[in-house]
Amino acid sequence: MTDETVAARAPTGTHDVLWPDSTRWEALVAAFAARAGAAGFGLAVTPLFEDVRVFRRGIGEGSDVVGKEMYEFEDRGGRRLALRPEGTAPVVRAFVQHRPPVPWKAWYATPAFRYERPQAGRYRQHHQLGVEALGTGDADLDVEVITLADGFFRSLGLSGFDAKLNSMGDATCRPGYSALMSEHLAARQDALCPEHTERWKSNPLRVLDCKKPACVAATVDAPRFLDHLCEACTSHFARVTEGLEASGVPFRLDHRLVRGFDYYTRTTFEFSAEHLDAAQNGIGGGGRYDGLVEMLGGPPTPGIGFGIGVERLLLACDAEGVFPVDPPRPHAFVVDVTGGAAARDLSIGLRRDGFRVERAFDGRSMKAQLKAADRSGAAVALIVGPDELAAGTVTVRPLRGDGAQRQVARHDVATVLAAMDTTAHGAGDTDEERLT
């Protein structure tokens with residue numbers, strides 16, 4: 001393989017999304033934007049790269065994301081930067097910088113970058129949808145955020161997923177629980193997976209997040225955080241579970257659910273798709289992060305949010321056979337055998353009137369253009385031949401259904417299209433003889 005060939009391929013762990021598949025992505029983002037907007041969230045757009053300290057402080061120096069997966073680089077000015085590996089820390093950094101009024105509720109759609117082994121629905125550049133809500137520690141906001149994610153999944157037609165819920169406590173009760181976990185792991189450190197035989201000492205809670213059989217077996221009888229919450233965290237979690245039950249959102253408690261980032265406190269949650277492989281079935285998750293704003297230099301400000309993996313979510317939809325999206329078809333296709341100027345002007349004019357219009361190029365024959373019109377899925381062909389050009393008319397030929405063609409004045413085409421059901425795509429057969 002030559003250097004030129006290699007340069008023309010997407011890098012390992014990335015992928016192209018081309019039309020018409022991208023239509024489904026557009027529909028997914030639009031559906032998410034509508035649901036988030038209905039809950040009072042507005043779009044936040046932040047840079048794809050940040051000062052590396054945003055992620056080192058927020059996610060944690062000891063995390064795999066920061067230690068092994070983050071794309072770091074030095075720019076031409078000597079600044080140490082990183083491509084975003086997740087969506088929360090950049091939005092919180094923007095909050096710290098701009099200090100919008102609270103409660104501040106933002107949604108985002110963004111690529112994220114992690115140098116990890118590519119797997120089903122997870123690439124080194126993957127894409128996330130998410131929300132962040134800052135400025136209140138009210139447990140009802142936790143319910144609102146979890147309900148938003150659950151409702152979004154259901155609006156796509158998904159039903160085969162479940163929500164797992166846990167609490168990671170706060171600065172009052174977490175140190176005590178960490179000590180209990182350290183005591184538990186110290187007696188079993190030889191049974192842990194190689195990665196955690198020593199690393200557990202710096203953050204024992206991360207062992208609960210390990211999916212390797214050795215660590216799972218060593219922690220199956222570990223102390224449960226929910227049994228060791230302080231009074232305030234116990235009350236907060238009870239309000240969350242009560243709210244989810246009242247909202248009709250099914251969930252189950254998962255005592256191993258601690259998430260992978262240092263910034264999480266209290267409520268943590270995760271959604272998994274039942275029809276995907278168990279090792280790669282996470283479609284979204286998040287939690288409360290009441291200390292993250294302070295970590296990034298802001299005032300004490302509670303917050304909560306979630307992230308959803310777009311590629312993984314679409315795989316889950318495919319597994320259930322839901323959320324099919326057909327590309328929008330043209331309302332009309334202009335066929336011009338008089339030199340192309342009529343097609344140019346008619347197409348541009350109709351697009352200005354709000355119609356989706358396509359045309360052929362390169363002076364193709366009438367038959368070739370009509371075949372292209374049929375393949376496009378357009379409802380009608382607008383034909384301009386020498387007779388129509390001389391008379392200032394256009395022949396409107398339906399390409400779907402049984403309607404009869406007719407001639408209309410050129411300046412009346414938009415009115416005629418508006419009166420026709422050009423968005424309907426009938427089941428009429430393709431008949432090449434009809435197109436001659």
# chains A, B, ... in the order shown; residues from 1 in each chain; ligands from 1

call {"tool": "select_by_dssp", "arguments": {"residues": "segment 198-377 of chain A", "states": "alpha helix (DSSP H)", "output": "PyMOL selection string"}}
result
chain A and resi 198-199+213-218+231-247+292-295+310-320+341-352+366-376

call {"tool": "select_by_dssp", "arguments": {"residues": "segment 3-135 of chain A", "states": "strand (DSSP E or B)", "output": "VMD selection string"}}
result
chain A and resid 42 to 43 49 to 51 72 to 74 80 to 83 104 to 113 119 122 125 to 134

call {"tool": "write_last_selection", "arguments": {"atoms": "N, CA and C atoms", "output": "mmCIF file, in the first residue's frame"}}
result
data_model
loop_
_atom_site.group_PDB
_atom_site.id
_atom_site.type_symbol
_atom_site.label_atom_id
_atom_site.label_comp_id
_atom_site.auth_asym_id
_atom_site.auth_seq_id
_atom_site.Cartn_x
_atom_site.Cartn_y
_atom_site.Cartn_z
ATOM 1 N N GLY A 42 -30.534 24.740 27.007
ATOM 2 C CA GLY A 42 -30.123 25.425 25.797
ATOM 3 C C GLY A 42 -28.779 24.912 25.329
ATOM 4 N N LEU A 43 -28.507 25.068 24.035
ATOM 5 C CA LEU A 43 -27.283 24.539 23.434
ATOM 6 C C LEU A 43 -26.047 25.280 23.933
ATOM 7 N N PHE A 49 -10.752 21.406 22.042
ATOM 8 C CA PHE A 49 -9.576 21.197 22.877
ATOM 9 C C PHE A 49 -9.580 22.216 24.006
ATOM 10 N N GLU A 50 -8.984 21.811 25.124
ATOM 11 C CA GLU A 50 -8.937 22.631 26.335
ATOM 12 C C GLU A 50 -7.534 22.564 26.917
ATOM 13 N N ASP A 51 -7.253 23.482 27.811
ATOM 14 C CA ASP A 51 -6.059 23.356 28.642
ATOM 15 C C ASP A 51 -6.122 21.984 29.315
ATOM 16 N N GLU A 72 -3.133 14.342 24.181
ATOM 17 C CA GLU A 72 -2.490 15.578 24.632
ATOM 18 C C GLU A 72 -1.505 16.055 23.577
ATOM 19 N N PHE A 73 -1.317 17.376 23.502
ATOM 20 C CA PHE A 73 -0.329 17.916 22.575
ATOM 21 C C PHE A 73 0.075 19.318 23.032
ATOM 22 N N GLU A 74 1.206 19.751 22.526
ATOM 23 C CA GLU A 74 1.692 21.099 22.789
ATOM 24 C C GLU A 74 1.514 21.930 21.528
ATOM 25 N N ARG A 80 0.076 23.444 26.803
ATOM 26 C CA ARG A 80 -0.264 22.020 26.863
ATOM 27 C C ARG A 80 -1.779 21.883 26.794
ATOM 28 N N LEU A 81 -2.258 21.248 25.733
ATOM 29 C CA LEU A 81 -3.682 21.144 25.468
ATOM 30 C C LEU A 81 -4.086 19.677 25.334
ATOM 31 N N ALA A 82 -5.389 19.434 25.342
ATOM 32 C CA ALA A 82 -5.904 18.080 25.160
ATOM 33 C C ALA A 82 -7.211 18.138 24.393
ATOM 34 N N LEU A 83 -7.398 17.167 23.483
ATOM 35 C CA LEU A 83 -8.694 17.005 22.840
ATOM 36 C C LEU A 83 -9.671 16.481 23.885
ATOM 37 N N TRP A 104 -28.363 26.920 35.705
ATOM 38 C CA TRP A 104 -27.975 26.994 34.299
ATOM 39 C C TRP A 104 -28.047 25.593 33.716
ATOM 40 N N LYS A 105 -28.806 25.442 32.642
ATOM 41 C CA LYS A 105 -29.064 24.124 32.048
ATOM 42 C C LYS A 105 -28.635 24.148 30.586
ATOM 43 N N ALA A 106 -27.696 23.296 30.235
ATOM 44 C CA ALA A 106 -27.128 23.296 28.880
ATOM 45 C C ALA A 106 -27.134 21.886 28.311
ATOM 46 N N TRP A 107 -27.331 21.803 26.973
ATOM 47 C CA TRP A 107 -27.154 20.527 26.278
ATOM 48 C C TRP A 107 -26.071 20.687 25.231
ATOM 49 N N TYR A 108 -25.501 19.583 24.788
ATOM 50 C CA TYR A 108 -24.432 19.638 23.800
ATOM 51 C C TYR A 108 -24.485 18.413 22.892
ATOM 52 N N ALA A 109 -23.880 18.558 21.739
ATOM 53 C CA ALA A 109 -23.641 17.458 20.802
ATOM 54 C C ALA A 109 -22.216 17.644 20.307
ATOM 55 N N THR A 110 -21.347 16.664 20.557
ATOM 56 C CA THR A 110 -19.930 16.896 20.298
ATOM 57 C C THR A 110 -19.173 15.609 20.031
ATOM 58 N N PRO A 111 -18.115 15.672 19.243
ATOM 59 C CA PRO A 111 -17.188 14.536 19.190
ATOM 60 C C PRO A 111 -16.350 14.487 20.461
ATOM 61 N N ALA A 112 -15.921 13.291 20.826
ATOM 62 C CA ALA A 112 -15.028 13.091 21.962
ATOM 63 C C ALA A 112 -13.906 12.163 21.503
ATOM 64 N N PHE A 113 -12.740 12.290 22.128
ATOM 65 C CA PHE A 113 -11.542 11.616 21.632
ATOM 66 C C PHE A 113 -10.881 10.824 22.754
ATOM 67 N N GLN A 119 -14.042 -0.552 19.490
ATOM 68 C CA GLN A 119 -14.969 -1.651 19.708
ATOM 69 C C GLN A 119 -16.334 -1.265 19.156
ATOM 70 N N ARG A 122 -17.933 2.217 19.558
ATOM 71 C CA ARG A 122 -17.038 3.102 20.303
ATOM 72 C C ARG A 122 -15.752 3.274 19.511
ATOM 73 N N GLN A 125 -12.496 8.528 17.892
ATOM 74 C CA GLN A 125 -13.333 9.718 17.829
ATOM 75 C C GLN A 125 -14.770 9.226 17.770
ATOM 76 N N HIS A 126 -15.481 9.389 18.881
ATOM 77 C CA HIS A 126 -16.890 9.041 18.897
ATOM 78 C C HIS A 126 -17.686 10.312 19.179
ATOM 79 N N HIS A 127 -18.986 10.199 19.297
ATOM 80 C CA HIS A 127 -19.826 11.384 19.417
ATOM 81 C C HIS A 127 -20.780 11.239 20.589
ATOM 82 N N GLN A 128 -20.992 12.335 21.274
ATOM 83 C CA GLN A 128 -21.816 12.319 22.475
ATOM 84 C C GLN A 128 -22.902 13.385 22.416
ATOM 85 N N LEU A 129 -24.048 13.028 22.976
ATOM 86 C CA LEU A 129 -25.088 13.977 23.325
ATOM 87 C C LEU A 129 -25.124 14.048 24.844
ATOM 88 N N GLY A 130 -25.405 15.221 25.392
ATOM 89 C CA GLY A 130 -25.425 15.302 26.840
ATOM 90 C C GLY A 130 -26.081 16.552 27.348
ATOM 91 N N VAL A 131 -26.337 16.562 28.646
ATOM 92 C CA VAL A 131 -26.857 17.746 29.324
ATOM 93 C C VAL A 131 -26.071 17.963 30.606
ATOM 94 N N GLU A 132 -26.012 19.207 31.014
ATOM 95 C CA GLU A 132 -25.423 19.587 32.298
ATOM 96 C C GLU A 132 -26.333 20.627 32.938
ATOM 97 N N ALA A 133 -26.590 20.469 34.220
ATOM 98 C CA ALA A 133 -27.415 21.428 34.964
ATOM 99 C C ALA A 133 -26.664 21.826 36.219
ATOM 100 N N LEU A 134 -26.400 23.125 36.366
ATOM 101 C CA LEU A 134 -25.575 23.621 37.462
ATOM 102 C C LEU A 134 -26.314 24.666 38.276
#

call {"tool": "residues_around", "arguments": {"residues": "Thr338 of chain A", "least_positions_apart": "6", "cutoff": "10 Å", "atoms": "only C-alpha atoms", "output": "list of chain:residue names"}}
result
A:Gly363, A:Val384, A:Gly385, A:Pro386, A:Asp387, A:Glu388, A:Leu389

call {"tool": "closest_residue", "arguments": {"among": "A:Gly78, A:Pro194, A:Ala10, A:Gly298", "to": "Pro213 of chain A", "atoms": "only C-alpha atoms"}}
result
A:Pro194

call {"tool": "closest_residue", "arguments": {"among": "A:Ile308, A:Arg259, A:Ala246, A:His236", "to": "Gly87 of chain A", "atoms": "only C-alpha atoms"}}
result
A:Ile308
